[in-house]
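Asks: What follows is upload_26.tsv; its format and atoms are TSV, C-alpha atoms.
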```
chain	number	residue	atom	x	y	z
A	1	MET	CA	-16.15	0.51	-81.36
A	2	PRO	CA	-12.59	1.96	-81.18
A	3	PRO	CA	-9.96	-0.34	-79.68
A	4	ALA	CA	-8.24	0.69	-76.48
A	5	ASP	CA	-5.19	2.93	-76.75
A	6	PRO	CA	-1.94	1.10	-75.94
A	7	GLY	CA	-1.38	1.39	-72.17
A	8	ARG	CA	-4.70	3.16	-71.69
A	9	ALA	CA	-6.18	0.43	-69.50
A	10	GLN	CA	-3.79	1.33	-66.67
A	11	GLY	CA	-3.19	5.03	-67.43
A	12	PRO	CA	-5.41	8.05	-66.85
A	13	SER	CA	-7.75	9.21	-69.64
A	14	ARG	CA	-6.50	12.81	-69.35
A	15	ARG	CA	-2.74	12.37	-69.70
A	16	ASP	CA	-0.98	15.72	-69.81
A	17	PRO	CA	0.89	16.07	-73.12
A	18	LYS	CA	4.26	16.63	-71.40
A	19	LEU	CA	6.34	15.57	-74.41
A	20	LEU	CA	4.36	17.88	-76.67
A	21	TRP	CA	4.79	20.81	-74.24
A	22	ILE	CA	8.56	20.14	-74.04
A	23	ALA	CA	8.79	19.95	-77.85
A	24	ALA	CA	6.73	23.15	-78.22
A	25	ALA	CA	8.89	25.00	-75.68
A	26	ALA	CA	12.12	23.81	-77.34
A	27	LEU	CA	10.82	24.83	-80.77
A	28	LEU	CA	9.74	28.24	-79.47
A	29	VAL	CA	13.24	28.85	-78.10
A	30	ALA	CA	14.70	27.66	-81.44
A	31	ARG	CA	12.27	29.96	-83.27
A	32	VAL	CA	13.42	33.02	-81.32
A	33	ALA	CA	17.09	32.05	-81.70
A	34	THR	CA	16.87	31.41	-85.46
A	35	GLY	CA	14.78	34.58	-85.89
A	36	VAL	CA	17.46	36.71	-84.20
A	37	TYR	CA	20.23	34.93	-86.15
A	38	GLU	CA	18.54	35.26	-89.54
A	39	GLU	CA	17.75	38.93	-88.84
A	40	LYS	CA	21.50	39.51	-88.56
A	41	HIS	CA	22.58	36.98	-91.20
A	42	PRO	CA	19.75	36.73	-93.76
A	43	PRO	CA	19.94	33.48	-95.76
A	44	ASN	CA	21.15	33.97	-99.31
A	45	ARG	CA	18.18	33.82	-101.61
A	46	PRO	CA	18.68	33.71	-105.35
A	47	ASP	CA	17.48	36.86	-107.07
A	48	LEU	CA	16.36	35.73	-110.51
A	49	VAL	CA	15.12	39.09	-111.84
A	50	ALA	CA	17.24	40.81	-114.48
A	51	TRP	CA	17.51	44.14	-112.62
A	52	MET	CA	18.82	47.21	-114.39
A	53	SER	CA	20.39	50.33	-112.95
A	54	ALA	CA	18.09	53.34	-112.58
A	55	ALA	CA	20.28	55.34	-114.95
A	56	ALA	CA	20.28	52.77	-117.77
A	57	ALA	CA	16.67	51.62	-117.46
A	58	PRO	CA	14.82	54.37	-119.46
A	59	ALA	CA	16.98	53.86	-122.54
A	60	ALA	CA	16.70	50.07	-122.27
A	61	ALA	CA	12.93	50.36	-121.89
A	62	ALA	CA	12.62	52.60	-124.97
A	63	THR	CA	14.64	50.11	-127.03
A	64	ALA	CA	12.67	47.09	-125.80
A	65	GLY	CA	9.28	48.84	-126.01
A	66	LYS	CA	8.53	47.99	-122.39
A	67	PRO	CA	7.66	50.16	-119.40
A	68	VAL	CA	10.05	50.58	-116.45
A	69	LEU	CA	9.13	49.04	-113.08
A	70	TYR	CA	10.56	50.84	-110.05
A	71	ASP	CA	10.56	48.63	-106.94
A	72	PHE	CA	11.01	50.92	-103.93
A	73	SER	CA	12.15	48.76	-101.05
A	74	ALA	CA	13.90	48.99	-97.68
A	75	GLU	CA	16.03	46.52	-95.75
A	76	TRP	CA	13.89	46.75	-92.62
A	77	CYS	CA	10.63	46.21	-94.54
A	78	GLY	CA	9.11	42.76	-93.84
A	79	PRO	CA	6.67	42.67	-96.80
A	80	CYS	CA	9.58	43.66	-99.12
A	81	GLN	CA	11.54	40.62	-97.94
A	82	ARG	CA	8.50	38.44	-98.45
A	83	MET	CA	8.16	39.78	-101.99
A	84	GLU	CA	11.85	39.07	-102.63
A	85	ARG	CA	11.36	35.51	-101.38
A	86	GLU	CA	8.10	34.79	-103.20
A	87	VAL	CA	8.51	36.76	-106.43
A	88	PHE	CA	12.13	37.63	-107.17
A	89	ALA	CA	13.46	34.22	-106.03
A	90	ASP	CA	10.73	32.26	-107.81
A	91	PRO	CA	11.71	31.28	-111.38
A	92	LYS	CA	8.21	31.71	-112.88
A	93	SER	CA	7.35	35.03	-111.17
A	94	ALA	CA	10.83	36.43	-111.79
A	95	SER	CA	10.54	35.48	-115.46
A	96	ILE	CA	7.20	37.34	-115.75
A	97	VAL	CA	8.75	40.47	-114.22
A	98	SER	CA	11.83	40.32	-116.48
A	99	THR	CA	9.71	39.65	-119.58
A	100	PHE	CA	7.05	42.34	-119.24
A	101	VAL	CA	8.98	45.26	-117.76
A	102	VAL	CA	12.46	46.70	-117.33
A	103	PRO	CA	12.85	46.24	-113.56
A	104	VAL	CA	14.78	48.61	-111.30
A	105	HIS	CA	15.35	47.80	-107.62
A	106	LEU	CA	15.74	50.85	-105.37
A	107	VAL	CA	16.60	50.50	-101.68
A	108	ASP	CA	15.68	53.35	-99.36
A	109	ARG	CA	18.57	53.89	-96.91
A	110	ARG	CA	17.21	56.89	-94.99
A	111	ARG	CA	16.67	54.92	-91.81
A	112	GLU	CA	20.15	53.34	-91.88
A	113	ASP	CA	22.31	56.12	-93.37
A	114	GLY	CA	20.11	59.19	-92.90
A	115	HIS	CA	20.01	59.85	-96.65
A	116	ASN	CA	19.64	58.18	-100.04
A	117	SER	CA	21.87	58.34	-103.09
A	118	ALA	CA	20.98	61.22	-105.46
A	119	ILE	CA	19.22	59.05	-108.04
A	120	VAL	CA	17.17	57.11	-105.44
A	121	ASP	CA	16.28	60.38	-103.71
A	122	SER	CA	15.09	62.00	-106.95
A	123	LEU	CA	12.94	58.96	-107.83
A	124	VAL	CA	11.50	58.76	-104.30
A	125	ARG	CA	10.49	62.42	-104.55
A	126	ALA	CA	9.26	62.19	-108.14
A	127	HIS	CA	6.95	59.28	-107.32
A	128	ASP	CA	6.00	60.48	-103.82
A	129	VAL	CA	7.03	57.24	-102.12
A	130	ASN	CA	5.96	57.14	-98.47
A	131	ALA	CA	5.48	53.41	-97.88
A	132	PHE	CA	7.38	50.23	-98.67
A	133	PRO	CA	7.18	48.35	-100.86
A	134	THR	CA	5.90	50.78	-103.48
A	135	ILE	CA	6.02	49.61	-107.07
A	136	VAL	CA	5.59	52.16	-109.84
A	137	ILE	CA	5.33	51.28	-113.51
A	138	VAL	CA	6.49	54.16	-115.67
A	139	GLY	CA	6.11	54.77	-119.41
A	140	ALA	CA	8.67	56.05	-121.91
A	141	ASP	CA	7.67	59.65	-121.10
A	142	GLY	CA	8.62	59.10	-117.43
A	143	LYS	CA	5.02	59.38	-116.25
A	144	ALA	CA	3.57	56.75	-113.93
A	145	ILE	CA	1.10	54.36	-115.62
A	146	ASP	CA	0.10	52.64	-112.40
A	147	ARG	CA	1.39	52.11	-108.87
A	148	MET	CA	0.95	49.60	-106.08
A	149	GLU	CA	1.59	50.17	-102.38
A	150	GLY	CA	2.15	47.09	-100.22
A	151	TYR	CA	2.65	43.49	-101.28
A	152	PRO	CA	-0.58	41.71	-102.24
A	153	GLY	CA	0.92	38.21	-102.81
A	154	ALA	CA	2.92	36.74	-105.71
A	155	GLU	CA	-0.01	35.85	-107.93
A	156	LYS	CA	-1.75	39.26	-107.71
A	157	PHE	CA	1.57	41.06	-108.11
A	158	THR	CA	2.66	39.22	-111.27
A	159	SER	CA	-0.83	39.51	-112.72
A	160	TRP	CA	-0.78	43.28	-112.09
A	161	VAL	CA	2.65	43.60	-113.75
A	162	ALA	CA	1.50	41.64	-116.81
A	163	THR	CA	-1.81	43.55	-117.11
A	164	THR	CA	-0.25	47.00	-116.69
A	165	SER	CA	2.47	46.18	-119.19
A	166	ALA	CA	-0.11	44.90	-121.69
A	167	LYS	CA	-2.12	48.14	-121.27
A	168	TYR	CA	1.02	50.17	-121.90
A	169	ARG	CA	1.80	48.28	-125.09
A	170	MET	CA	-1.70	49.11	-126.38
A	171	ILE	CA	-1.07	52.88	-126.06
A	172	PRO	CA	-0.08	54.45	-129.42
A	173	ASN	CA	3.42	56.01	-129.39
A	174	SER	CA	4.24	54.22	-126.17
A	175	GLY	CA	7.31	52.71	-127.75
A	176	GLY	CA	5.81	49.26	-127.61
A	177	PRO	CA	4.14	47.29	-130.39
A	178	ILE	CA	0.69	48.79	-131.03
A	179	THR	CA	-2.14	46.31	-131.17
A	180	ARG	CA	-4.66	47.28	-133.84
A	181	PRO	CA	-8.15	45.87	-134.05
B	1	MET	CA	-2.15	6.04	-83.90
B	2	ASN	CA	-5.59	4.45	-83.70
B	3	PRO	CA	-6.82	3.43	-87.21
B	4	THR	CA	-10.37	2.81	-85.96
B	5	LEU	CA	-10.67	6.35	-84.57
B	6	ILE	CA	-9.24	7.76	-87.81
B	7	ALA	CA	-11.57	5.73	-90.04
B	8	ALA	CA	-14.64	6.55	-87.92
B	9	PHE	CA	-13.84	10.27	-87.95
B	10	LEU	CA	-13.27	10.35	-91.72
B	11	ARG	CA	-16.49	8.40	-92.32
B	12	GLN	CA	-18.36	11.00	-90.24
B	13	ARG	CA	-16.74	13.87	-92.17
B	14	PHE	CA	-17.20	12.54	-95.71
B	15	THR	CA	-20.83	11.55	-95.17
B	16	SER	CA	-21.76	15.13	-94.25
B	17	PRO	CA	-23.45	16.62	-97.37
B	18	MET	CA	-22.33	20.17	-96.50
B	19	ARG	CA	-18.68	19.12	-96.15
B	20	ALA	CA	-18.80	16.97	-99.29
B	21	GLY	CA	-20.20	19.95	-101.24
B	22	LEU	CA	-17.51	22.30	-99.94
B	23	LEU	CA	-14.79	19.74	-100.69
B	24	PHE	CA	-16.16	19.43	-104.21
B	25	LEU	CA	-15.96	23.20	-104.68
B	26	VAL	CA	-12.40	23.59	-103.37
B	27	THR	CA	-11.06	20.71	-105.46
B	28	VAL	CA	-12.95	20.82	-108.75
B	29	PHE	CA	-12.56	24.54	-109.52
B	30	PRO	CA	-8.73	24.49	-109.16
B	31	LEU	CA	-8.69	21.34	-111.29
B	32	GLY	CA	-10.66	23.21	-113.97
B	33	ALA	CA	-8.18	26.09	-113.68
B	34	VAL	CA	-5.33	23.62	-114.34
B	35	ALA	CA	-7.05	22.46	-117.53
B	36	VAL	CA	-7.64	26.05	-118.68
B	37	THR	CA	-4.32	27.66	-117.73
B	38	GLY	CA	-2.06	24.71	-118.53
B	39	THR	CA	-0.13	24.98	-115.25
B	40	ILE	CA	-0.33	22.83	-112.12
B	41	SER	CA	-0.01	25.81	-109.73
B	42	PRO	CA	-3.79	26.28	-109.07
B	43	LEU	CA	-3.64	23.02	-107.09
B	44	ALA	CA	-0.82	24.29	-104.85
B	45	GLY	CA	-3.15	25.90	-102.32
B	46	ILE	CA	-5.99	23.37	-101.93
B	47	ALA	CA	-4.64	21.34	-98.98
B	48	SER	CA	-5.21	24.05	-96.39
B	49	PRO	CA	-8.92	24.65	-97.19
B	50	ILE	CA	-9.49	20.87	-97.34
B	51	ALA	CA	-7.92	20.47	-93.89
B	52	LEU	CA	-10.01	23.38	-92.55
B	53	ILE	CA	-13.25	21.89	-93.91
B	54	LEU	CA	-12.47	18.50	-92.39
B	55	ALA	CA	-11.21	19.82	-89.04
B	56	ALA	CA	-13.99	22.37	-88.48
B	57	GLY	CA	-15.92	21.30	-85.40
B	58	ALA	CA	-13.68	18.24	-84.93
B	59	ILE	CA	-14.17	18.34	-81.15
B	60	GLY	CA	-16.79	21.05	-80.58
B	61	GLN	CA	-19.51	19.45	-82.69
B	62	ASP	CA	-19.18	16.10	-80.91
B	63	VAL	CA	-19.14	17.77	-77.50
B	64	ALA	CA	-22.32	19.68	-78.38
B	65	SER	CA	-24.08	16.56	-79.65
B	66	GLY	CA	-22.90	14.38	-76.75
B	67	THR	CA	-21.08	11.93	-79.06
B	68	LEU	CA	-17.67	12.60	-77.51
B	69	GLN	CA	-18.97	11.81	-74.02
B	70	LEU	CA	-20.13	8.41	-75.33
B	71	LEU	CA	-16.84	7.79	-77.11
B	72	LEU	CA	-14.83	8.54	-73.97
B	73	VAL	CA	-16.72	5.83	-72.07
B	74	ARG	CA	-14.55	3.47	-74.13
B	75	PRO	CA	-10.90	2.94	-73.19
B	76	VAL	CA	-9.72	5.86	-75.33
B	77	SER	CA	-7.88	8.84	-73.85
B	78	ARG	CA	-8.76	12.46	-74.63
B	79	PRO	CA	-5.32	13.30	-76.10
B	80	SER	CA	-5.64	10.25	-78.36
B	81	VAL	CA	-9.02	11.47	-79.67
B	82	LEU	CA	-7.65	14.90	-80.58
B	83	LEU	CA	-4.37	13.64	-82.06
B	84	ASN	CA	-6.06	10.94	-84.15
B	85	ARG	CA	-8.64	13.40	-85.48
B	86	TRP	CA	-5.87	15.83	-86.38
B	87	LEU	CA	-3.96	13.04	-88.10
B	88	ALA	CA	-7.09	11.96	-89.97
B	89	CYS	CA	-7.56	15.50	-91.33
B	90	VAL	CA	-3.93	15.68	-92.44
B	91	LEU	CA	-4.00	12.26	-94.13
B	92	ALA	CA	-7.27	13.00	-95.92
B	93	ALA	CA	-6.14	16.48	-97.05
B	94	VAL	CA	-2.84	15.13	-98.40
B	95	GLY	CA	-4.60	12.16	-100.02
B	96	LEU	CA	-7.14	14.38	-101.77
B	97	THR	CA	-4.40	16.79	-102.88
B	98	LEU	CA	-2.38	13.89	-104.30
B	99	ALA	CA	-5.45	12.63	-106.17
B	100	MET	CA	-6.06	16.11	-107.62
B	101	LEU	CA	-2.39	16.41	-108.61
B	102	VAL	CA	-2.63	13.09	-110.48
B	103	LEU	CA	-5.78	14.29	-112.28
B	104	GLY	CA	-4.15	17.67	-112.96
B	105	THR	CA	-1.08	15.97	-114.43
B	106	LEU	CA	-3.33	13.84	-116.65
B	107	ALA	CA	-5.16	16.98	-117.81
B	108	LEU	CA	-1.82	18.59	-118.67
B	109	LEU	CA	-0.66	15.47	-120.52
B	110	LEU	CA	-3.81	15.70	-122.63
B	111	ARG	CA	-2.67	19.23	-123.56
B	112	HIS	CA	0.72	17.76	-124.56
B	113	THR	CA	2.53	19.37	-121.65
B	114	HIS	CA	3.57	18.14	-118.23
B	115	PRO	CA	4.45	19.63	-114.85
B	116	ASP	CA	8.00	19.74	-113.55
B	117	GLY	CA	8.70	16.72	-111.29
B	118	LEU	CA	10.52	18.75	-108.64
B	119	ASP	CA	7.67	21.27	-108.65
B	120	LEU	CA	5.21	18.44	-107.95
B	121	VAL	CA	7.32	17.23	-105.01
B	122	ARG	CA	7.42	20.81	-103.69
B	123	ILE	CA	3.63	21.14	-103.95
B	124	VAL	CA	3.10	17.83	-102.11
B	125	LEU	CA	5.46	18.83	-99.26
B	126	GLU	CA	3.95	22.31	-98.97
B	127	SER	CA	0.45	20.80	-99.00
B	128	ALA	CA	1.34	18.36	-96.20
B	129	CYS	CA	2.79	21.17	-94.08
B	130	SER	CA	-0.12	23.56	-94.61
B	131	ALA	CA	-2.66	20.78	-93.97
B	132	ALA	CA	-0.90	19.81	-90.73
B	133	GLY	CA	-0.76	23.45	-89.66
B	134	SER	CA	-4.34	24.38	-90.52
B	135	ALA	CA	-5.77	21.19	-89.00
B	136	ALA	CA	-3.80	21.70	-85.75
B	137	VAL	CA	-5.03	25.28	-85.34
B	138	MET	CA	-8.62	24.30	-86.16
B	139	ALA	CA	-8.52	21.33	-83.76
B	140	MET	CA	-7.22	23.64	-81.01
B	141	LEU	CA	-9.97	26.22	-81.68
B	142	SER	CA	-12.52	23.42	-81.72
B	143	THR	CA	-11.68	22.53	-78.10
B	144	LEU	CA	-12.48	26.11	-77.02
B	145	VAL	CA	-16.06	26.43	-78.30
B	146	GLY	CA	-18.96	24.16	-79.06
B	147	GLY	CA	-20.45	23.29	-82.45
B	148	LEU	CA	-18.87	25.12	-85.36
B	149	GLY	CA	-17.84	28.07	-83.18
B	150	ASP	CA	-14.22	27.39	-84.18
B	151	VAL	CA	-15.02	28.59	-87.71
B	152	GLY	CA	-16.37	31.84	-86.24
B	153	LEU	CA	-13.22	32.27	-84.14
B	154	LEU	CA	-10.99	31.69	-87.17
B	155	VAL	CA	-12.95	34.10	-89.40
B	156	ALA	CA	-12.97	36.76	-86.65
B	157	ALA	CA	-9.20	36.38	-86.16
B	158	VAL	CA	-8.59	36.69	-89.92
B	159	ILE	CA	-10.80	39.80	-90.23
B	160	VAL	CA	-9.24	41.53	-87.21
B	161	THR	CA	-5.69	40.75	-88.38
B	162	GLN	CA	-6.39	41.93	-91.94
B	163	THR	CA	-7.95	45.15	-90.62
B	164	PHE	CA	-4.94	45.90	-88.42
B	165	ALA	CA	-2.54	44.96	-91.25
B	166	GLY	CA	-4.32	47.47	-93.50
B	167	LEU	CA	-4.12	50.11	-90.77
B	168	ALA	CA	-0.41	49.36	-90.29
B	169	THR	CA	0.26	49.88	-94.03
B	170	LEU	CA	-1.77	53.09	-94.03
B	171	GLU	CA	-0.10	54.57	-90.94
B	172	HIS	CA	3.36	53.09	-91.65
B	173	TRP	CA	3.42	51.31	-88.29
B	174	ASP	CA	6.07	48.67	-88.94
B	175	TRP	CA	5.72	47.06	-85.51
B	176	LEU	CA	2.01	46.50	-86.09
B	177	ALA	CA	2.61	45.16	-89.62
B	178	ARG	CA	5.19	42.73	-88.18
B	179	THR	CA	2.81	41.66	-85.41
B	180	CYS	CA	0.02	41.05	-87.93
B	181	THR	CA	2.37	38.98	-90.12
B	182	GLU	CA	3.27	36.85	-87.08
B	183	ILE	CA	-0.40	36.38	-86.12
B	184	GLN	CA	-1.30	35.47	-89.70
B	185	GLY	CA	1.51	32.88	-89.54
B	186	VAL	CA	-0.06	31.44	-86.39
B	187	ILE	CA	-3.61	31.38	-87.82
B	188	SER	CA	-2.47	29.70	-91.02
B	189	PRO	CA	0.90	27.97	-90.47
B	190	GLN	CA	2.59	27.24	-93.78
B	191	LEU	CA	6.06	26.14	-94.73
B	192	GLY	CA	7.54	26.91	-98.15
B	193	TRP	CA	9.78	24.35	-99.83
B	194	GLU	CA	10.85	26.55	-102.77
B	195	TRP	CA	14.42	26.45	-101.43
B	196	MET	CA	14.52	22.78	-102.45
B	197	VAL	CA	13.76	23.72	-106.08
B	198	HIS	CA	16.28	26.57	-106.11
B	199	GLY	CA	18.98	24.60	-104.34
B	200	SER	CA	19.34	27.38	-101.76
B	201	PRO	CA	19.68	26.80	-97.98
B	202	PRO	CA	16.39	26.56	-96.05
B	203	SER	CA	15.24	29.21	-93.60
B	204	TRP	CA	15.49	27.58	-90.16
B	205	PHE	CA	13.34	30.37	-88.75
B	206	ALA	CA	10.50	29.39	-91.12
B	207	ILE	CA	10.89	25.71	-90.19
B	208	THR	CA	10.94	26.31	-86.41
B	209	SER	CA	8.07	28.83	-86.70
B	210	TRP	CA	5.86	26.30	-88.45
B	211	ALA	CA	6.83	23.39	-86.17
B	212	SER	CA	6.41	25.41	-82.97
B	213	THR	CA	2.97	26.64	-84.04
B	214	VAL	CA	1.77	23.11	-84.85
B	215	THR	CA	3.09	21.55	-81.60
B	216	LEU	CA	1.85	24.47	-79.50
B	217	ALA	CA	-1.64	24.29	-81.06
B	218	LEU	CA	-1.86	20.54	-80.43
B	219	ALA	CA	-0.53	20.82	-76.86
B	220	ALA	CA	-2.94	23.67	-76.06
B	221	GLY	CA	-5.82	21.76	-77.64
B	222	ILE	CA	-5.10	18.65	-75.56
B	223	ALA	CA	-4.65	20.69	-72.36
B	224	ARG	CA	-7.99	22.43	-72.94
B	225	LEU	CA	-9.78	19.17	-73.77
B	226	ASN	CA	-8.34	17.51	-70.63
B	227	ARG	CA	-9.72	20.28	-68.45
B	228	ARG	CA	-13.11	20.42	-70.09
B	229	GLU	CA	-16.15	19.15	-68.18
B	230	LEU	CA	-17.83	16.66	-70.49
B	231	SER	CA	-20.65	15.27	-68.36
B	232	TYR	CA	-24.16	15.46	-69.79
B	233	ALA	CA	-25.10	17.70	-66.88
B	234	ALA	CA	-22.54	20.29	-68.02
B	235	GLY	CA	-24.24	20.73	-71.38
```
Let me see the file written as structure tokens.

Replies:
Amino acid sequence: MPPADPGRAQGPSRRDPKLLWIAAAALLVARVATGVYEEKHPPNRPDLVAWMSAAAAPAAAATAGKPVLYDFSAEWCGPCQRMEREVFADPKSASIVSTFVVPVHLVDRRREDGHNSAIVDSLVRAHDVNAFPTIVIVGADGKAIDRMEGYPGAEKFTSWVATTSAKYRMIPNSGGPITRP
Amino acid sequence: MNPTLIAAFLRQRFTSPMRAGLLFLVTVFPLGAVAVTGTISPLAGIASPIALILAAGAIGQDVASGTLQLLLVRPVSRPSVLLNRWLACVLAAVGLTLAMLVLGTLALLLRHTHPDGLDLVRIVLESACSAAGSAAVMAMLSTLVGGLGDVGLLVAAVIVTQTFAGLATLEHWDWLARTCTEIQGVISPQLGWEWMVHGSPPSWFAITSWASTVTLALAAGIARLNRRELSYAAG
């Protein structure tokens, strides 16, 4: 048989959780306030991926025998920020990305500035990017090997990067080490 | 905190064959994955499902069976019942996660490797937060419907949110994608502690979002339970 709650003998059995309501209301106000603040001043997150510039990436990829990964992102895109937090700021995930591919981060500025830089614009057109994030893995010939639209979670994303890169390295004349049976 | 209520609730939960079977599945498979992959990360996400399994029907099942009506004849208040059951779920989920982490670490030591200490602390803190969040939401849902109807409500909410999130990605509706992300955060409140490992400042928005969801779920659950008619005649 459960013992009586402290003070229960005199109090009602259906006490309204006033303290909990006050705490919840205060936290909701704090949530809105911190949300607005962090929207304007995003907290500095470490970016642990060894990004390369779009211009230098193809040559670096050919030398390293790896495919190029284009990460098409936008500042207003929520899933892109989640991916930055969970993948690019995570030591293990960032290491997988840097190891298997030559990563290039491209930020679409059409909504903010009305246009993109020439190189971002040409890559957006070449890979028909209409949603963010879009990640395209490209071979030495510049053709897309595989692409992913949306962010499926850190584990699926890193697994996809590793698998696609491994497939690329199996293709003869890909520039990567050829695995022979 | 009422240890007798907590112990009685956990005894009821762990003696249910269905729950014991589900707990076995959600703990043993990740433990096997640790042994195979050589990393402790498969155990990072087990606290939330454990809390959900334990909290499912926490109030609704006892209302449907008439057990809660009998319990409330004793000098125990309704808020105390809900809060102690929530606490029991959190304690059990964290305890089981800790036990699995110890076993996982032993498995890694047998492979002549070991997990990073700071990473283990992060997993424990994240597990405690996700268990507290999932158990609070489930306890709140359990006050709304009888039996295991809370599981149905949770599954329906997840399916609807995922469907709309897919639609938002397809149609490029950012406002809908954002709304779905917020709802998913409410259905499954989690708090990341990776900032502690990286030495970067925490996101206060993430902390207040998680804390507000947990307190709001508990307050709403208590308010609903207080207003519920629990006489035998009502059933």

Asks: Could I get the residues of stretch 95-160 of chain A with an atom no further than 9 Å from an atom of stretch 155-179 of chain B, each paired with its nearest atom pair and that distance in Å to one decimal, using only C-alpha atoms, sorted by chain and residue number, as CSV?

Replies:
```
residue,atom,partner,partner_atom,distance
A:Asn130,CA,B:His172,CA,8.3
A:Ala131,CA,B:His172,CA,6.6
A:Phe132,CA,B:Thr169,CA,8.5
A:Glu149,CA,B:Thr169,CA,8.5
A:Gly150,CA,B:Thr169,CA,7.0
```

Asks: So the first atom is atom CA of A:Ser98 and the second is atom CA of A:Trp51; what is the distance between them in Å, to one decimal place?

Replies: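 Separation of atom CA of A:Ser98 and atom CA of A:Trp51: 7.9 Å.
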
Asks: Pick out the residues sitting within 10 Å of B:Ala8, and hand them over as a ChimeraX atom specification; count only C-alpha atoms, and ignore anything fewer than 2 positions along from it in its own chain.

Replies: /A:1-2 /B:3-6,10-13,85,88

Asks: If you keep C-alpha atoms, can you produce a file of those selected residues as a PDB file, keeping the file's coordinate frame?

Replies:
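As written to disk, part_26.pdb reads:
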```pdb
ATOM      1  CA  MET A   1     -16.150   0.510 -81.360  1.00  0.00           C
ATOM      2  CA  PRO A   2     -12.590   1.960 -81.180  1.00  0.00           C
TER       3      PRO A   2
ATOM      4  CA  PRO B   3      -6.820   3.430 -87.210  1.00  0.00           C
ATOM      5  CA  THR B   4     -10.370   2.810 -85.960  1.00  0.00           C
ATOM      6  CA  LEU B   5     -10.670   6.350 -84.570  1.00  0.00           C
ATOM      7  CA  ILE B   6      -9.240   7.760 -87.810  1.00  0.00           C
ATOM      8  CA  LEU B  10     -13.270  10.350 -91.720  1.00  0.00           C
ATOM      9  CA  ARG B  11     -16.490   8.400 -92.320  1.00  0.00           C
ATOM     10  CA  GLN B  12     -18.360  11.000 -90.240  1.00  0.00           C
ATOM     11  CA  ARG B  13     -16.740  13.870 -92.170  1.00  0.00           C
ATOM     12  CA  ARG B  85      -8.640  13.400 -85.480  1.00  0.00           C
ATOM     13  CA  ALA B  88      -7.090  11.960 -89.970  1.00  0.00           C
TER      14      ALA B  88
END
```

Asks: Name all residues at most 9 Å from B:Val94 (count all atoms listed in the file; drop same-chain ones fewer than 3 positions away) and give them as a list in words.

Replies: Ala47, Ile50, Ala51, Cys89, Val90, Leu91, Thr97, Leu98, Ala99, Val124, Ser127, Ala128 and Ala131 of chain B

Asks: Distance atom CA of A:Ile119-atom CA of A:Trp160, one decimal place?

Replies: 25.8 Å

Asks: Please work out which residues fall within 7 Å of (2.0, 39.2, -97.0), coordinates as given in the file, with only C-alpha atoms counting, and return them as a PyMOL selection string.

Replies: (chain A and resi 79+82+151-153) or (chain B and resi 181)

Asks: B:Trp193: which residues within 7 Å, counting only C-alpha atoms, same-chain residues fewer than 3 positions away excluded, as an mmCIF file with C-alpha atoms, keeping the file's coordinate frame?

Replies:
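Output file around.cif follows:
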```cif
data_model
loop_
_atom_site.group_PDB
_atom_site.id
_atom_site.type_symbol
_atom_site.label_atom_id
_atom_site.label_comp_id
_atom_site.auth_asym_id
_atom_site.auth_seq_id
_atom_site.Cartn_x
_atom_site.Cartn_y
_atom_site.Cartn_z
ATOM 1 C CA ARG B 122 7.420 20.810 -103.690
ATOM 2 C CA GLU B 126 3.950 22.310 -98.970
ATOM 3 C CA MET B 196 14.520 22.780 -102.450
#
```

Asks: Pick out the residues sitting within 12 Å of A:Arg125, and hand them over as a list in words; count all atoms listed in the file, and ignore anything fewer than 6 positions along from it in its own chain.

Replies: Phe72, Asp108, Asn116, Ala118 and Ile119 of chain A

Asks: What is the atom CA of B:Gly149-atom CA of B:Val73 distance in Å, reported with one decimal?

Replies: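 So the answer is 24.9 Å.
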
Asks: When you look at stretch 162-167 of chain A with a cut-off of 9 Å (counting all atoms listed in the file), what residues show up, excluding the ones that are within fewer than 3 positions of it in the same chain? I need them as a PyMOL selection string.

Replies: chain A and resi 66-67+96-97+99-101+137+145-146+157-159+170-171

Asks: Closest to chain B among A:Arg109, A:Arg85, A:Lys40, A:Lys143, using only C-alpha atoms?

Replies: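 With only C-alpha atoms as the atom set, the closest residue is A:Arg85.
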
Asks: Counting only C-alpha atoms, a student should be able to say which residues of chain B come within 7 Å of chain A; what is the right answer, written as an MDAnalysis selection string?

Replies: chainID B and resid 4:5 75:79 172 178 200 203:205 208:209 211:212 215:216 219 222:223 226
